[in-house]
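Asks: Structure file start-v9.pdb, PDB, C-alpha atoms, is pasted below:
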```
ATOM      1  CA  MET Q   1      12.258  -2.443  10.279
ATOM      2  CA  THR Q   2      11.050  -3.700   6.918
ATOM      3  CA  ASP Q   3      11.807  -7.357   7.555
ATOM      4  CA  ALA Q   4       9.889  -7.265  10.817
ATOM      5  CA  LEU Q   5       6.682  -6.309   9.018
ATOM      6  CA  ILE Q   6       4.856  -9.387   7.834
ATOM      7  CA  CYS Q   7       2.456  -9.152   4.923
ATOM      8  CA  ASP Q   8      -0.166 -11.547   3.614
ATOM      9  CA  ALA Q   9       0.102 -10.290   0.043
ATOM     10  CA  GLU Q  10       2.448  -8.090  -1.941
ATOM     11  CA  LEU Q  11       1.680  -5.787  -4.852
ATOM     12  CA  ASP Q  12       4.418  -4.351  -7.040
ATOM     13  CA  ALA Q  13       3.076  -1.197  -8.673
ATOM     14  CA  SER Q  14       6.502   0.096  -9.695
ATOM     15  CA  GLY Q  15       6.476   2.195 -12.839
ATOM     16  CA  LEU Q  16       2.749   2.907 -12.620
ATOM     17  CA  ASN Q  17       1.499   6.457 -12.285
ATOM     18  CA  CYS Q  18      -1.319   7.785 -10.148
ATOM     19  CA  PRO Q  19      -4.013   6.547  -9.733
ATOM     20  CA  LEU Q  20      -3.014   3.038 -10.884
ATOM     21  CA  PRO Q  21      -1.034   1.978  -7.771
ATOM     22  CA  LEU Q  22      -4.033   2.843  -5.599
ATOM     23  CA  LEU Q  23      -6.565   1.184  -7.905
ATOM     24  CA  LYS Q  24      -4.521  -2.016  -7.996
ATOM     25  CA  ALA Q  25      -4.155  -1.918  -4.211
ATOM     26  CA  LYS Q  26      -7.937  -1.553  -3.818
ATOM     27  CA  LEU Q  27      -8.522  -4.597  -6.022
ATOM     28  CA  GLU Q  28      -5.941  -6.615  -4.098
ATOM     29  CA  LEU Q  29      -7.428  -5.597  -0.731
ATOM     30  CA  ASN Q  30     -10.845  -6.746  -1.941
ATOM     31  CA  ARG Q  31      -9.451 -10.272  -2.291
ATOM     32  CA  LEU Q  32      -7.978 -10.317   1.196
ATOM     33  CA  ALA Q  33      -9.683 -11.139   4.473
ATOM     34  CA  SER Q  34     -10.264  -8.496   7.119
ATOM     35  CA  GLY Q  35      -7.094  -7.960   9.147
ATOM     36  CA  ALA Q  36      -4.807  -9.093   6.332
ATOM     37  CA  VAL Q  37      -1.783  -6.939   5.508
ATOM     38  CA  LEU Q  38      -0.979  -5.840   1.966
ATOM     39  CA  LYS Q  39       2.484  -4.552   1.121
ATOM     40  CA  VAL Q  40       2.522  -2.166  -1.839
ATOM     41  CA  ILE Q  41       5.649  -1.079  -3.706
ATOM     42  CA  ALA Q  42       5.295   2.062  -5.827
ATOM     43  CA  THR Q  43       7.549   4.543  -7.598
ATOM     44  CA  ASP Q  44       5.021   7.366  -8.002
ATOM     45  CA  ALA Q  45       5.722  10.192  -5.540
ATOM     46  CA  GLY Q  46       2.009  11.052  -5.527
ATOM     47  CA  SER Q  47       1.277   7.645  -4.029
ATOM     48  CA  GLN Q  48       2.187   8.923  -0.547
ATOM     49  CA  ARG Q  49      -0.706  11.366  -0.502
ATOM     50  CA  ASP Q  50      -3.005   8.821  -2.165
ATOM     51  CA  PHE Q  51      -2.339   5.974   0.255
ATOM     52  CA  ARG Q  52      -2.590   8.174   3.349
ATOM     53  CA  ALA Q  53      -5.944   9.560   2.222
ATOM     54  CA  PHE Q  54      -7.225   6.181   1.058
ATOM     55  CA  ALA Q  55      -6.405   4.494   4.377
ATOM     56  CA  ARG Q  56      -8.096   7.292   6.317
ATOM     57  CA  LEU Q  57     -11.221   7.383   4.139
ATOM     58  CA  ALA Q  58     -11.655   3.628   3.691
ATOM     59  CA  GLY Q  59     -10.930   2.808   7.335
ATOM     60  CA  HIS Q  60      -7.854   0.684   6.615
ATOM     61  CA  GLU Q  61      -4.778   1.067   8.777
ATOM     62  CA  LEU Q  62      -1.548   2.309   7.211
ATOM     63  CA  LEU Q  63       0.802   0.345   9.457
ATOM     64  CA  HIS Q  64       4.024   1.688   7.994
ATOM     65  CA  GLU Q  65       5.345   3.595   5.025
ATOM     66  CA  GLU Q  66       8.872   4.204   3.864
ATOM     67  CA  GLU Q  67      10.731   5.748   0.963
ATOM     68  CA  GLN Q  68      14.160   4.757  -0.226
ATOM     69  CA  GLY Q  69      15.744   5.929  -3.452
ATOM     70  CA  GLY Q  70      12.439   6.916  -5.033
ATOM     71  CA  VAL Q  71      10.758   3.631  -4.123
ATOM     72  CA  TYR Q  72       7.790   3.861  -1.778
ATOM     73  CA  ARG Q  73       6.585   0.957   0.334
ATOM     74  CA  TYR Q  74       3.297   0.791   2.218
ATOM     75  CA  TRP Q  75       1.855  -1.777   4.587
ATOM     76  CA  LEU Q  76      -1.926  -1.565   4.673
ATOM     77  CA  LYS Q  77      -4.010  -3.559   7.125
ATOM     78  CA  LYS Q  78      -7.461  -4.250   5.767
ATOM     79  CA  ALA Q  79     -10.356  -3.025   7.894
TER      80      ALA Q  79
END
```
Please, can you express the file's structure as structure tokens?
Replies:
Amino acid sequence: MTDALICDAELDASGLNCPLPLLKAKLELNRLASGAVLKVIATDAGSQRDFRAFARLAGHELLHEEEQGGVYRYWLKKA
């Protein structure tokens, strides 16, 4: 599934604690054009709640999320 998801930009926020992964993702999304997909890699378990809420509140689309061995990956499509 992961390889099928294409992203326009990738952000590795591994090792960063809440709220840094989300803040860095916001900054990265600001640089991208509408409709672009940002893949975020995080290791903070709290990032799941953060990214779900952020996508809902900011109007972005959380295309996919997955967790494997304590590593969380998110694909966000910019509104």
Asks: Identify, on the basis of only C-alpha atoms, every residue whose closest approach to Q:Gly69 does not exceed 12 Å; exclude the query and any residue fewer than 3 positions from it along the same chain; express the result as a list in words.
Replies: Ala42, Thr43, Asp44, Ala45, Glu66, Tyr72 and Arg73 of chain Q
Asks: Store the residues picked out above in a file with C-alpha atoms, as a short mmCIF file (atom, residue, chain, number, x, y, z; two decimals), in the coordinates of the input.
Replies:
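Done, and the output landed in again_1.cif:
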```
data_model
loop_
_atom_site.label_atom_id
_atom_site.label_comp_id
_atom_site.auth_asym_id
_atom_site.auth_seq_id
_atom_site.Cartn_x
_atom_site.Cartn_y
_atom_site.Cartn_z
CA ALA Q 42 5.30 2.06 -5.83
CA THR Q 43 7.55 4.54 -7.60
CA ASP Q 44 5.02 7.37 -8.00
CA ALA Q 45 5.72 10.19 -5.54
CA GLU Q 66 8.87 4.20 3.86
CA TYR Q 72 7.79 3.86 -1.78
CA ARG Q 73 6.58 0.96 0.33
#
```
Asks: For the file shown, report as an MDAnalysis selection string the outcome of the PyMOL selection byres ((chain Q and resi 35) around 6) at residue level.
Replies: chainID Q and resid 34 36 77:78
Asks: When the PyMOL selection byres ((chain Q and resi 47) around 12) is applied to the structure above, which residues does it catch, written out as a ChimeraX atom specification?
Replies: /Q:13-25,40-46,48-55,65-67,70-74
Asks: Would you work out the distance separating atom CA of Q:Glu28 from atom CA of Q:Gln68, expressed in Å to one decimal?
Replies: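 Value for the atom CA of Q:Glu28-atom CA of Q:Gln68 distance: 23.4 Å.
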Asks: Run the PyMOL selection byres ((chain Q and resi 9) around 7) mentally over the shown coordinates, then write out the matched residues as a PyMOL selection string, using the chain letters and numbers from the document.
Replies: chain Q and resi 7-8+10-11+37-39
Asks: Taking into account all atoms listed in the file, which residue in the set Q:Leu32, Q:Leu5, Q:Leu76, Q:Leu27 is nearest to Q:Arg56?
Replies: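 Ranked by minimum distance to Q:Arg56, first place goes to Q:Leu76.
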